[in-house]
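Visitor: Please read through the structure below; I'll follow up with questions.
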There are 2 protein chains.
Amino acid sequence: MLRLSKRVEYGLVALQHLARRGGVSTVREMSDDNGISYDLLAKIMQDLKRDGMICSHQGVRGGYTLILAPQEITLTRVVNALEKENSITSCTSAGEGCTREPDCSIKDSMHILQGTMEQALNSVTLAKLL
Amino acid sequence: MLRLSKRVEYGLVALQHLARRGGVSTVREMSDDNGISYDLLAKIMQDLKRDGMICSHQGVRGGYTLILAPQEITLTRVVNALEKENSITSCTSAGEGCTREPDCSIKDSMHILQGTMEQALNSVTLAKLL
DNA sequence: ATAATATAGGACTTTTGGAGTCCGACTTCG
DNA sequence: CGAAGTCGGACTCCAAAAGTCCTATATTAT
Ligand code: SF4
Ligand code: SF4
């Protein structure tokens with residue numbers, strides 16, 4: 001359906017929250033403020049941390065902190081951190097491939113489109129949604 | 001997952017087939033030539049016809065014919081004809097909407113991104129894959 | 001030390017949409 | 001009439017998204 005997953009939407013909202021407030025925020029705080037499921041957002045934050053754009057502090061008074069400049073955080077990066085696949089078709093994916101690939105008459109155009117799409121996603125940065 | 005549906009891929013292949021050969025082609029011919037399920041492609045062709053970019057001829061020696069110039073057929077149009085929803089989020093959809101919309105802090109950016117995406121899809125026309 | 005608060009992460013269910021199949025009806029030409 | 005085609009509903013199957021639950025672990029405050 002060519003749609004962004006809710007994970008990405010929630011991830012963006014959370015990153016926006018971190019960027020606006022600065023410092024440390026807990027998942028509970030972010031989920032309550034934005035009406036997002038706590039458990040779901042907790043997983044998302046873990047994935048974002050795994051990427052390296054935020055860092056975590058466990059224990060009392062812990063939480064998450066933004067460690068990259070908002071200009072550095074592109075939508076492409078968020079999508080890659082939160083979704084396993086990003087490609088417009090299976091042949092434009094790194095580890096997927098398509099059986100029809102050898103004699104597919106549209107795959108060249110799909111590769112071009114893939115580039116265009118990534119360019120579109122790259123044009124959106126966290127800085128632009130503050 | 002931000003991926004084009006197989007329906008769109010097959011639709012493009014079929015349209016390409018029509019444009020390259022010209023005149024009338026049957027679903028059987030197109031599905032066999034490109035290794036696509038007959039039943040599936042049959043449904044796709046019906047949807048493309050409903051859109052108006054091709055016309056159909058029933059009965060013996062029937063089939064489908066392209067009635068628009070390849071330059072006129074954009075990927076946006078194909079996607080709209082073959083998928084129910086095209087929007088990047090539910091709030092950027094015409095008949096869908098989102099409960100969180102009133103106080104969503106990213107929806108403006110999503111609307112902008114929606115425009116960028118459609119621009120990307122518009123840049124691909126049938127003429128470019130001949 | 002202990003209790004409270006927070007992330008870490010595995011396992012699970014439910015929901016949704018894509019993909020593909022099947023079959024009967026209708027239309028047209030020879 | 002009968003063959004070759006489109007038309008279109010209903011259906012199954014499967015994978016991914018969405019959401020839930022529960023336990024472990026780390027850190028801080030008292
Ligand atoms: S090779 Fe062709 S059919 Fe296979 S994924 Fe790429 S575009 Fe689609
Ligand atoms: S309003 Fe916000 S949460 Fe709802 S669909 Fe749009 S972007 Fe997503």
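In the structure tokens, each chain is lettered A, B, ... as it comes, each chain's residues begin at 1, and ligands are numbered from 1 in order of appearance.
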Please give me, as number ranges by chain, the residues lying within 6 Å of ligand 1 when counting only C-alpha atoms (C1' of nucleotides) and all ligand atoms.

Guide: A: 89-91, 98, 100-101, 104, 106-107, 110; B: 9

Visitor: Using only C-alpha atoms (C1' of nucleotides) and all ligand atoms, which residues have at least one atom no more than 12 Å from ligand 2? Output them as a JSON list (two decimals) with C-alpha atoms, in the first residue's frame.

Guide:
```json
[["chain", "number", "residue", "atom", "x", "y", "z"],
["A", 3, "ARG", "CA", 2.61, 3.34, 3.46],
["A", 4, "LEU", "CA", 4.96, 4.23, 6.28],
["A", 5, "SER", "CA", 4.59, 1.85, 9.20],
["A", 6, "LYS", "CA", 3.20, 3.06, 12.51],
["A", 7, "ARG", "CA", 6.56, 2.20, 14.02],
["A", 8, "VAL", "CA", 8.17, 4.88, 11.89],
["A", 9, "GLU", "CA", 5.46, 7.40, 12.73],
["A", 10, "TYR", "CA", 5.81, 6.76, 16.45],
["A", 11, "GLY", "CA", 9.57, 6.80, 16.17],
["A", 12, "LEU", "CA", 9.45, 10.22, 14.55],
["A", 13, "VAL", "CA", 7.12, 11.56, 17.22],
["A", 14, "ALA", "CA", 9.43, 10.26, 19.93],
["A", 34, "ASN", "CA", 1.55, 11.40, 22.60],
["A", 35, "GLY", "CA", -1.02, 8.70, 23.20],
["A", 36, "ILE", "CA", 1.16, 5.86, 21.99],
["A", 129, "LEU", "CA", 9.80, 18.62, 11.99],
["B", 87, "SER", "CA", -1.11, 7.53, 0.97],
["B", 88, "ILE", "CA", 2.06, 7.50, 3.03],
["B", 89, "THR", "CA", -0.03, 7.83, 6.23],
["B", 90, "SER", "CA", -3.72, 7.53, 7.00],
["B", 91, "CYS", "CA", -4.07, 11.29, 7.44],
["B", 92, "THR", "CA", -2.80, 11.98, 3.94],
["B", 93, "SER", "CA", -5.55, 9.78, 2.55],
["B", 94, "ALA", "CA", -8.78, 11.12, 1.14],
["B", 96, "GLU", "CA", -9.42, 7.48, 5.71],
["B", 97, "GLY", "CA", -8.37, 9.98, 8.37],
["B", 98, "CYS", "CA", -6.66, 9.36, 11.70],
["B", 99, "THR", "CA", -8.02, 9.75, 15.22],
["B", 100, "ARG", "CA", -4.75, 11.32, 16.37],
["B", 101, "GLU", "CA", -4.87, 13.92, 13.62],
["B", 102, "PRO", "CA", -5.99, 17.00, 15.65],
["B", 103, "ASP", "CA", -2.99, 16.98, 17.94],
["B", 104, "CYS", "CA", -0.45, 15.11, 15.86],
["B", 105, "SER", "CA", 2.88, 16.91, 15.77],
["B", 106, "ILE", "CA", 4.17, 15.39, 12.56],
["B", 107, "LYS", "CA", 1.17, 15.44, 10.27],
["B", 108, "ASP", "CA", 2.23, 18.62, 8.49],
["B", 109, "SER", "CA", 5.52, 17.06, 7.51],
["B", 110, "MET", "CA", 3.72, 13.93, 6.43],
["B", 111, "HIS", "CA", 1.58, 15.94, 4.05],
["B", 112, "ILE", "CA", 4.66, 17.50, 2.55],
["B", 113, "LEU", "CA", 6.31, 14.11, 2.21],
["B", 114, "GLN", "CA", 3.18, 12.79, 0.54]]
```

Visitor: Please report as a PDB file with all heavy atoms, in the first residue's frame which residues of chain D come no farther than 9 Å from chain B, using only C-alpha atoms (C1' of nucleotides).

Guide:
```pdb
ATOM      1  P    DA D   3     -16.550 -26.244 -28.341  1.00  0.00           P
ATOM      2  OP1  DA D   3     -16.276 -27.616 -28.806  1.00  0.00           O
ATOM      3  OP2  DA D   3     -17.004 -25.988 -26.953  1.00  0.00           O
ATOM      4  O5'  DA D   3     -15.246 -25.358 -28.573  1.00  0.00           O
ATOM      5  C5'  DA D   3     -14.892 -24.970 -29.894  1.00  0.00           C
ATOM      6  C4'  DA D   3     -14.372 -23.549 -29.890  1.00  0.00           C
ATOM      7  O4'  DA D   3     -15.479 -22.625 -29.715  1.00  0.00           O
ATOM      8  C3'  DA D   3     -13.368 -23.253 -28.765  1.00  0.00           C
ATOM      9  O3'  DA D   3     -12.239 -22.607 -29.332  1.00  0.00           O
ATOM     10  C2'  DA D   3     -14.133 -22.333 -27.827  1.00  0.00           C
ATOM     11  C1'  DA D   3     -15.110 -21.627 -28.773  1.00  0.00           C
ATOM     12  N9   DA D   3     -16.327 -21.164 -28.128  1.00  0.00           N
ATOM     13  C8   DA D   3     -17.162 -21.873 -27.318  1.00  0.00           C
ATOM     14  N7   DA D   3     -18.200 -21.185 -26.889  1.00  0.00           N
ATOM     15  C5   DA D   3     -18.027 -19.931 -27.464  1.00  0.00           C
ATOM     16  C6   DA D   3     -18.789 -18.749 -27.388  1.00  0.00           C
ATOM     17  N6   DA D   3     -19.922 -18.637 -26.685  1.00  0.00           N
ATOM     18  N1   DA D   3     -18.339 -17.682 -28.078  1.00  0.00           N
ATOM     19  C2   DA D   3     -17.204 -17.796 -28.777  1.00  0.00           C
ATOM     20  N3   DA D   3     -16.404 -18.856 -28.917  1.00  0.00           N
ATOM     21  C4   DA D   3     -16.880 -19.899 -28.228  1.00  0.00           C
ATOM     22  P    DA D   4     -10.913 -22.404 -28.441  1.00  0.00           P
ATOM     23  OP1  DA D   4      -9.752 -22.688 -29.299  1.00  0.00           O
ATOM     24  OP2  DA D   4     -11.099 -23.095 -27.149  1.00  0.00           O
ATOM     25  O5'  DA D   4     -10.950 -20.836 -28.168  1.00  0.00           O
ATOM     26  C5'  DA D   4     -11.070 -19.942 -29.272  1.00  0.00           C
ATOM     27  C4'  DA D   4     -11.247 -18.538 -28.742  1.00  0.00           C
ATOM     28  O4'  DA D   4     -12.587 -18.396 -28.210  1.00  0.00           O
ATOM     29  C3'  DA D   4     -10.291 -18.179 -27.605  1.00  0.00           C
ATOM     30  O3'  DA D   4      -9.818 -16.862 -27.803  1.00  0.00           O
ATOM     31  C2'  DA D   4     -11.168 -18.265 -26.373  1.00  0.00           C
ATOM     32  C1'  DA D   4     -12.522 -17.817 -26.927  1.00  0.00           C
ATOM     33  N9   DA D   4     -13.667 -18.300 -26.160  1.00  0.00           N
ATOM     34  C8   DA D   4     -13.825 -19.515 -25.556  1.00  0.00           C
ATOM     35  N7   DA D   4     -14.970 -19.659 -24.943  1.00  0.00           N
ATOM     36  C5   DA D   4     -15.607 -18.455 -25.147  1.00  0.00           C
ATOM     37  C6   DA D   4     -16.869 -17.957 -24.741  1.00  0.00           C
ATOM     38  N6   DA D   4     -17.738 -18.664 -24.017  1.00  0.00           N
ATOM     39  N1   DA D   4     -17.205 -16.707 -25.118  1.00  0.00           N
ATOM     40  C2   DA D   4     -16.323 -15.999 -25.844  1.00  0.00           C
ATOM     41  N3   DA D   4     -15.117 -16.355 -26.285  1.00  0.00           N
ATOM     42  C4   DA D   4     -14.815 -17.602 -25.901  1.00  0.00           C
ATOM     43  P    DG D   5      -8.404 -16.492 -27.180  1.00  0.00           P
ATOM     44  OP1  DG D   5      -7.637 -15.758 -28.221  1.00  0.00           O
ATOM     45  OP2  DG D   5      -7.809 -17.681 -26.545  1.00  0.00           O
ATOM     46  O5'  DG D   5      -8.882 -15.633 -25.965  1.00  0.00           O
ATOM     47  C5'  DG D   5      -8.971 -14.383 -25.823  1.00  0.00           C
ATOM     48  C4'  DG D   5     -10.286 -13.778 -25.345  1.00  0.00           C
ATOM     49  O4'  DG D   5     -11.402 -14.680 -25.363  1.00  0.00           O
ATOM     50  C3'  DG D   5     -10.275 -13.319 -23.889  1.00  0.00           C
ATOM     51  O3'  DG D   5      -9.562 -12.093 -23.774  1.00  0.00           O
ATOM     52  C2'  DG D   5     -11.763 -13.072 -23.654  1.00  0.00           C
ATOM     53  C1'  DG D   5     -12.432 -14.134 -24.557  1.00  0.00           C
ATOM     54  N9   DG D   5     -13.066 -15.201 -23.782  1.00  0.00           N
ATOM     55  C8   DG D   5     -12.571 -16.459 -23.531  1.00  0.00           C
ATOM     56  N7   DG D   5     -13.374 -17.212 -22.810  1.00  0.00           N
ATOM     57  C5   DG D   5     -14.462 -16.390 -22.552  1.00  0.00           C
ATOM     58  C6   DG D   5     -15.652 -16.641 -21.818  1.00  0.00           C
ATOM     59  O6   DG D   5     -15.984 -17.682 -21.229  1.00  0.00           O
ATOM     60  N1   DG D   5     -16.484 -15.535 -21.799  1.00  0.00           N
ATOM     61  C2   DG D   5     -16.224 -14.325 -22.411  1.00  0.00           C
ATOM     62  N2   DG D   5     -17.147 -13.381 -22.281  1.00  0.00           N
ATOM     63  N3   DG D   5     -15.123 -14.085 -23.111  1.00  0.00           N
ATOM     64  C4   DG D   5     -14.287 -15.140 -23.143  1.00  0.00           C
ATOM     65  P    DT D   6      -9.047 -11.617 -22.329  1.00  0.00           P
ATOM     66  OP1  DT D   6      -7.951 -10.658 -22.565  1.00  0.00           O
ATOM     67  OP2  DT D   6      -8.828 -12.778 -21.469  1.00  0.00           O
ATOM     68  O5'  DT D   6     -10.324 -10.824 -21.788  1.00  0.00           O
ATOM     69  C5'  DT D   6     -10.834  -9.735 -22.525  1.00  0.00           C
ATOM     70  C4'  DT D   6     -12.233  -9.380 -22.038  1.00  0.00           C
ATOM     71  O4'  DT D   6     -13.025 -10.584 -21.917  1.00  0.00           O
ATOM     72  C3'  DT D   6     -12.288  -8.700 -20.672  1.00  0.00           C
ATOM     73  O3'  DT D   6     -13.298  -7.693 -20.697  1.00  0.00           O
ATOM     74  C2'  DT D   6     -12.669  -9.832 -19.736  1.00  0.00           C
ATOM     75  C1'  DT D   6     -13.589 -10.651 -20.621  1.00  0.00           C
ATOM     76  N1   DT D   6     -13.681 -12.061 -20.201  1.00  0.00           N
ATOM     77  C2   DT D   6     -14.880 -12.542 -19.719  1.00  0.00           C
ATOM     78  O2   DT D   6     -15.884 -11.861 -19.624  1.00  0.00           O
ATOM     79  N3   DT D   6     -14.860 -13.874 -19.350  1.00  0.00           N
ATOM     80  C4   DT D   6     -13.792 -14.743 -19.408  1.00  0.00           C
ATOM     81  O4   DT D   6     -13.903 -15.919 -19.053  1.00  0.00           O
ATOM     82  C5   DT D   6     -12.567 -14.167 -19.918  1.00  0.00           C
ATOM     83  C7   DT D   6     -11.340 -15.019 -20.035  1.00  0.00           C
ATOM     84  C6   DT D   6     -12.559 -12.878 -20.281  1.00  0.00           C
ATOM     85  P    DC D   7     -13.445  -6.724 -19.458  1.00  0.00           P
ATOM     86  OP1  DC D   7     -14.180  -5.529 -19.924  1.00  0.00           O
ATOM     87  OP2  DC D   7     -12.129  -6.591 -18.832  1.00  0.00           O
ATOM     88  O5'  DC D   7     -14.407  -7.517 -18.476  1.00  0.00           O
ATOM     89  C5'  DC D   7     -15.801  -7.570 -18.768  1.00  0.00           C
ATOM     90  C4'  DC D   7     -16.593  -8.073 -17.562  1.00  0.00           C
ATOM     91  O4'  DC D   7     -16.377  -9.501 -17.424  1.00  0.00           O
ATOM     92  C3'  DC D   7     -16.207  -7.464 -16.210  1.00  0.00           C
ATOM     93  O3'  DC D   7     -17.375  -6.918 -15.615  1.00  0.00           O
ATOM     94  C2'  DC D   7     -15.638  -8.630 -15.410  1.00  0.00           C
ATOM     95  C1'  DC D   7     -16.292  -9.836 -16.066  1.00  0.00           C
ATOM     96  N1   DC D   7     -15.491 -11.103 -16.007  1.00  0.00           N
ATOM     97  C2   DC D   7     -16.061 -12.265 -15.477  1.00  0.00           C
ATOM     98  O2   DC D   7     -17.212 -12.233 -15.040  1.00  0.00           O
ATOM     99  N3   DC D   7     -15.340 -13.413 -15.451  1.00  0.00           N
ATOM    100  C4   DC D   7     -14.091 -13.418 -15.935  1.00  0.00           C
ATOM    101  N4   DC D   7     -13.413 -14.577 -15.905  1.00  0.00           N
ATOM    102  C5   DC D   7     -13.485 -12.241 -16.477  1.00  0.00           C
ATOM    103  C6   DC D   7     -14.219 -11.112 -16.498  1.00  0.00           C
ATOM    104  P    DG D   8     -17.228  -5.913 -14.365  1.00  0.00           P
ATOM    105  OP1  DG D   8     -18.411  -5.032 -14.335  1.00  0.00           O
ATOM    106  OP2  DG D   8     -15.881  -5.336 -14.381  1.00  0.00           O
ATOM    107  O5'  DG D   8     -17.341  -6.898 -13.112  1.00  0.00           O
ATOM    108  C5'  DG D   8     -18.450  -7.769 -13.012  1.00  0.00           C
ATOM    109  C4'  DG D   8     -18.227  -8.759 -11.902  1.00  0.00           C
ATOM    110  O4'  DG D   8     -17.431  -9.885 -12.379  1.00  0.00           O
ATOM    111  C3'  DG D   8     -17.470  -8.213 -10.684  1.00  0.00           C
ATOM    112  O3'  DG D   8     -18.153  -8.602  -9.528  1.00  0.00           O
ATOM    113  C2'  DG D   8     -16.121  -8.914 -10.778  1.00  0.00           C
ATOM    114  C1'  DG D   8     -16.571 -10.245 -11.337  1.00  0.00           C
ATOM    115  N9   DG D   8     -15.502 -11.089 -11.843  1.00  0.00           N
ATOM    116  C8   DG D   8     -14.351 -10.702 -12.486  1.00  0.00           C
ATOM    117  N7   DG D   8     -13.583 -11.703 -12.813  1.00  0.00           N
ATOM    118  C5   DG D   8     -14.255 -12.817 -12.339  1.00  0.00           C
ATOM    119  C6   DG D   8     -13.903 -14.178 -12.395  1.00  0.00           C
ATOM    120  O6   DG D   8     -12.898 -14.704 -12.877  1.00  0.00           O
ATOM    121  N1   DG D   8     -14.883 -14.993 -11.793  1.00  0.00           N
ATOM    122  C2   DG D   8     -16.038 -14.529 -11.224  1.00  0.00           C
ATOM    123  N2   DG D   8     -16.858 -15.435 -10.688  1.00  0.00           N
ATOM    124  N3   DG D   8     -16.374 -13.241 -11.172  1.00  0.00           N
ATOM    125  C4   DG D   8     -15.445 -12.450 -11.745  1.00  0.00           C
ATOM    126  P    DA D  16       7.323 -11.620   5.665  1.00  0.00           P
ATOM    127  OP1  DA D  16       8.420 -11.478   4.684  1.00  0.00           O
ATOM    128  OP2  DA D  16       7.504 -12.437   6.895  1.00  0.00           O
ATOM    129  O5'  DA D  16       6.861 -10.171   6.118  1.00  0.00           O
ATOM    130  C5'  DA D  16       6.062  -9.407   5.236  1.00  0.00           C
ATOM    131  C4'  DA D  16       5.247  -8.430   6.026  1.00  0.00           C
ATOM    132  O4'  DA D  16       4.118  -9.101   6.636  1.00  0.00           O
ATOM    133  C3'  DA D  16       6.007  -7.758   7.173  1.00  0.00           C
ATOM    134  O3'  DA D  16       5.795  -6.372   7.076  1.00  0.00           O
ATOM    135  C2'  DA D  16       5.391  -8.376   8.431  1.00  0.00           C
ATOM    136  C1'  DA D  16       3.966  -8.672   7.968  1.00  0.00           C
ATOM    137  N9   DA D  16       3.294  -9.739   8.704  1.00  0.00           N
ATOM    138  C8   DA D  16       3.771 -10.983   9.025  1.00  0.00           C
ATOM    139  N7   DA D  16       2.920 -11.726   9.694  1.00  0.00           N
ATOM    140  C5   DA D  16       1.794 -10.912   9.812  1.00  0.00           C
ATOM    141  C6   DA D  16       0.539 -11.108  10.415  1.00  0.00           C
ATOM    142  N6   DA D  16       0.185 -12.235  11.029  1.00  0.00           N
ATOM    143  N1   DA D  16      -0.345 -10.097  10.358  1.00  0.00           N
ATOM    144  C2   DA D  16       0.002  -8.957   9.737  1.00  0.00           C
ATOM    145  N3   DA D  16       1.145  -8.650   9.139  1.00  0.00           N
ATOM    146  C4   DA D  16       2.020  -9.687   9.208  1.00  0.00           C
TER     147       DA D  16
END
```

Visitor: May I have the residues within 12 Å of DA24 in chain D as a list of chain:residue names, using only C-alpha atoms (C1' of nucleotides) and disregarding those fewer than 2 positions away in the same chain?

Guide: C:DT7, C:DA8, C:DG9, C:DG10, D:DC22, D:DA26

Visitor: List the spatial neighbours of DA15 in chain D as a PyMOL selection string - criterion: any atom at most 12 Å away, only C-alpha atoms (C1' of nucleotides), same-chain residues fewer than 4 positions off excluded.

Guide: (chain B and resi 1) or (chain C and resi 16-19)

Visitor: I need the residues from that last selection saved to file as a CSV table (one decimal), in the first residue's frame (with N, CA, C and O atoms (P, O5', C5', C4', C3', O3' and C1' of nucleotides)), if you can.

Guide:
```csv
chain,number,residue,atom,x,y,z
B,1,MET,N,6.1,-1.5,4.8
B,1,MET,CA,7.4,-1.8,4.3
B,1,MET,C,7.8,-0.9,3.1
B,1,MET,O,8.9,-1.0,2.6
C,16,DT,P,-8.4,-5.0,11.7
C,16,DT,O5',-7.4,-5.0,10.5
C,16,DT,C5',-6.1,-4.4,10.7
C,16,DT,C4',-5.3,-4.7,9.5
C,16,DT,C3',-6.0,-4.6,8.1
C,16,DT,O3',-5.5,-3.6,7.3
C,16,DT,C1',-4.7,-6.6,8.2
C,17,DG,P,-6.2,-3.1,6.0
C,17,DG,O5',-5.2,-3.7,4.9
C,17,DG,C5',-3.8,-3.5,5.1
C,17,DG,C4',-3.1,-4.4,4.2
C,17,DG,C3',-3.6,-4.4,2.7
C,17,DG,O3',-2.5,-4.4,1.9
C,17,DG,C1',-3.5,-6.6,3.6
C,18,DG,P,-2.7,-4.2,0.3
C,18,DG,O5',-1.8,-5.4,-0.2
C,18,DG,C5',-0.5,-5.6,0.4
C,18,DG,C4',0.0,-7.0,0.0
C,18,DG,C3',-0.1,-7.2,-1.5
C,18,DG,O3',1.1,-7.8,-2.0
C,18,DG,C1',-1.2,-8.9,-0.3
C,19,DA,P,1.3,-8.1,-3.5
C,19,DA,O5',0.9,-9.6,-3.6
C,19,DA,C5',1.5,-10.6,-2.7
C,19,DA,C4',1.0,-11.9,-3.0
C,19,DA,C3',0.8,-12.3,-4.5
C,19,DA,O3',1.4,-13.5,-4.7
C,19,DA,C1',-1.2,-12.8,-3.2
```

Visitor: Mind doing a quick least-squares superposition of chain A onto chain B, all C-alpha atoms paired one-to-one in order, and writing it out as a CSV table (one decimal) with C-alpha atoms, in the first residue's frame?

Guide:
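Output contents, as saved in selection_17.csv:
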```
chain,number,residue,atom,x,y,z
A,1,MET,CA,7.4,-1.9,4.3
A,2,LEU,CA,7.1,0.9,1.7
A,3,ARG,CA,6.8,-1.5,-1.2
A,4,LEU,CA,5.0,-1.5,-4.5
A,5,SER,CA,2.4,-4.3,-4.6
A,6,LYS,CA,2.8,-7.1,-7.1
A,7,ARG,CA,-0.4,-5.9,-8.7
A,8,VAL,CA,1.3,-2.7,-9.7
A,9,GLU,CA,4.4,-4.6,-10.9
A,10,TYR,CA,2.3,-6.9,-13.0
A,11,GLY,CA,0.2,-4.1,-14.3
A,12,LEU,CA,3.3,-2.2,-15.5
A,13,VAL,CA,4.6,-5.3,-17.2
A,14,ALA,CA,1.3,-5.8,-19.0
A,15,LEU,CA,1.1,-2.1,-20.0
A,16,GLN,CA,4.6,-2.3,-21.3
A,17,HIS,CA,3.6,-5.4,-23.3
A,18,LEU,CA,0.7,-3.6,-24.8
A,19,ALA,CA,2.7,-0.5,-25.6
A,20,ARG,CA,5.5,-2.5,-27.2
A,21,ARG,CA,3.4,-4.7,-29.4
A,22,GLY,CA,0.6,-2.3,-30.1
A,23,GLY,CA,-2.9,-3.5,-31.1
A,24,VAL,CA,-4.8,-6.2,-29.1
A,25,SER,CA,-3.3,-8.7,-26.6
A,26,THR,CA,-5.1,-11.3,-24.6
A,27,VAL,CA,-4.5,-11.9,-20.9
A,28,ARG,CA,-3.3,-15.4,-21.7
A,29,GLU,CA,-0.7,-14.1,-24.0
A,30,MET,CA,0.6,-11.5,-21.5
A,31,SER,CA,0.5,-13.9,-18.6
A,32,ASP,CA,2.3,-16.7,-20.4
A,33,ASP,CA,4.9,-14.3,-21.9
A,34,ASN,CA,5.8,-12.9,-18.6
A,35,GLY,CA,5.2,-15.8,-16.2
A,36,ILE,CA,2.4,-14.1,-14.3
A,37,SER,CA,-0.6,-15.9,-12.9
A,38,TYR,CA,-3.5,-15.8,-15.4
A,39,ASP,CA,-6.3,-15.3,-12.9
A,40,LEU,CA,-4.4,-12.6,-11.1
A,41,LEU,CA,-3.5,-10.6,-14.2
A,42,ALA,CA,-7.0,-10.9,-15.5
A,43,LYS,CA,-8.3,-9.0,-12.4
A,44,ILE,CA,-5.5,-6.4,-12.8
A,45,MET,CA,-6.5,-5.8,-16.5
A,46,GLN,CA,-10.1,-5.2,-15.4
A,47,ASP,CA,-9.0,-2.6,-13.0
A,48,LEU,CA,-6.8,-0.9,-15.5
A,49,LYS,CA,-9.7,-0.8,-18.0
A,50,ARG,CA,-11.9,0.7,-15.3
A,51,ASP,CA,-9.4,3.5,-15.1
A,52,GLY,CA,-9.7,4.2,-18.8
A,53,MET,CA,-6.1,3.8,-19.9
A,54,ILE,CA,-6.9,0.6,-21.8
A,55,CYS,CA,-10.0,-0.7,-23.4
A,56,SER,CA,-11.3,-4.3,-23.8
A,57,HIS,CA,-12.8,-6.4,-26.5
A,58,GLN,CA,-14.8,-9.5,-25.5
A,59,GLY,CA,-15.2,-12.7,-27.4
A,60,VAL,CA,-13.1,-14.5,-29.9
A,61,ARG,CA,-10.1,-12.4,-31.1
A,62,GLY,CA,-10.8,-10.1,-28.2
A,63,GLY,CA,-8.3,-8.7,-25.6
A,64,TYR,CA,-7.0,-5.4,-24.4
A,65,THR,CA,-5.7,-2.3,-26.2
A,66,LEU,CA,-3.8,0.7,-24.9
A,67,ILE,CA,-5.8,3.8,-25.6
A,68,LEU,CA,-3.6,6.4,-24.0
A,69,ALA,CA,-0.1,7.6,-25.1
A,70,PRO,CA,2.6,6.1,-23.0
A,71,GLN,CA,3.8,9.5,-21.9
A,72,GLU,CA,0.3,10.1,-20.4
A,73,ILE,CA,0.4,7.0,-18.2
A,74,THR,CA,2.2,7.9,-14.9
A,75,LEU,CA,3.0,5.4,-12.2
A,76,THR,CA,0.8,7.5,-9.9
A,77,ARG,CA,-2.1,6.7,-12.2
A,78,VAL,CA,-1.3,3.0,-12.3
A,79,VAL,CA,-1.0,2.8,-8.5
A,80,ASN,CA,-4.3,4.7,-8.0
A,81,ALA,CA,-6.0,2.3,-10.5
A,82,LEU,CA,-4.6,-0.9,-8.8
A,83,GLU,CA,-4.5,0.0,-5.1
A,84,LYS,CA,-7.2,1.3,-3.0
A,85,GLU,CA,-4.9,3.5,-0.9
A,86,ASN,CA,-1.9,5.4,-2.0
A,87,SER,CA,-1.1,7.6,1.0
A,88,ILE,CA,2.0,7.5,3.1
A,89,THR,CA,0.0,7.9,6.3
A,90,SER,CA,-3.7,7.6,7.1
A,91,CYS,CA,-4.0,11.4,7.6
A,92,THR,CA,-2.8,12.1,4.1
A,93,SER,CA,-5.5,9.9,2.7
A,94,ALA,CA,-8.8,11.3,1.3
A,95,GLY,CA,-11.3,9.0,2.9
A,96,GLU,CA,-9.4,7.6,5.9
A,97,GLY,CA,-8.3,10.1,8.6
A,98,CYS,CA,-6.5,9.5,11.9
A,99,THR,CA,-7.8,9.9,15.4
A,100,ARG,CA,-4.5,11.4,16.5
A,101,GLU,CA,-4.7,14.0,13.8
A,102,PRO,CA,-5.7,17.1,15.9
A,103,ASP,CA,-2.6,17.0,18.2
A,104,CYS,CA,-0.2,15.1,16.0
A,105,SER,CA,3.2,16.9,15.9
A,106,ILE,CA,4.4,15.4,12.7
A,107,LYS,CA,1.4,15.5,10.4
A,108,ASP,CA,2.4,18.7,8.6
A,109,SER,CA,5.7,17.1,7.6
A,110,MET,CA,3.8,14.0,6.5
A,111,HIS,CA,1.7,16.0,4.1
A,112,ILE,CA,4.7,17.5,2.6
A,113,LEU,CA,6.3,14.1,2.2
A,114,GLN,CA,3.2,12.8,0.6
A,115,GLY,CA,3.6,15.5,-2.1
A,116,THR,CA,7.2,14.6,-2.6
A,117,MET,CA,6.4,11.0,-3.0
A,118,GLU,CA,3.7,11.6,-5.5
A,119,GLN,CA,6.1,13.8,-7.4
A,120,ALA,CA,8.5,10.8,-7.5
A,121,LEU,CA,5.8,8.5,-8.8
A,122,ASN,CA,4.7,11.0,-11.4
A,123,SER,CA,8.3,11.1,-12.7
A,124,VAL,CA,7.9,7.6,-13.9
A,125,THR,CA,5.8,7.1,-17.1
A,126,LEU,CA,5.1,4.1,-19.2
A,127,ALA,CA,7.1,5.8,-22.0
A,128,LYS,CA,10.2,5.5,-19.8
A,129,LEU,CA,10.0,1.8,-19.5
A,130,LEU,CA,9.8,0.9,-23.2
```

Visitor: From a DSSP calculation on the backbone, collect every residue of range 22-129 of chain A in strand (DSSP E) and output the set as an MDAnalysis selection string.

Guide: chainID A and resid 54:57 63:66

Visitor: How many Å separate C1' of DC11 in chain D from C1' of DC23 in chain C?

Guide: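 Going from C1' of DC11 in chain D over to C1' of DC23 in chain C covers 10.2 Å.
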
Visitor: State, in Å with one decimal place, the distance from C1' of DT25 in chain D to C1' of DT13 in chain C.

Guide: 25.9 Å

Visitor: Write down, as a PyMOL selection string, each residue of chain C that has any atom within 6 Å of an atom of chain B, counting only C-alpha atoms (C1' of nucleotides).

Guide: chain C and resi 27-29

Visitor: Could you pull out the residues in chain A that DSSP calls helix (DSSP H, G or I) from the backbone, as number ranges by chain?

Guide: A: 6-21, 27-34, 38-51, 70-72, 75-82, 90-92, 107-122, 126-129
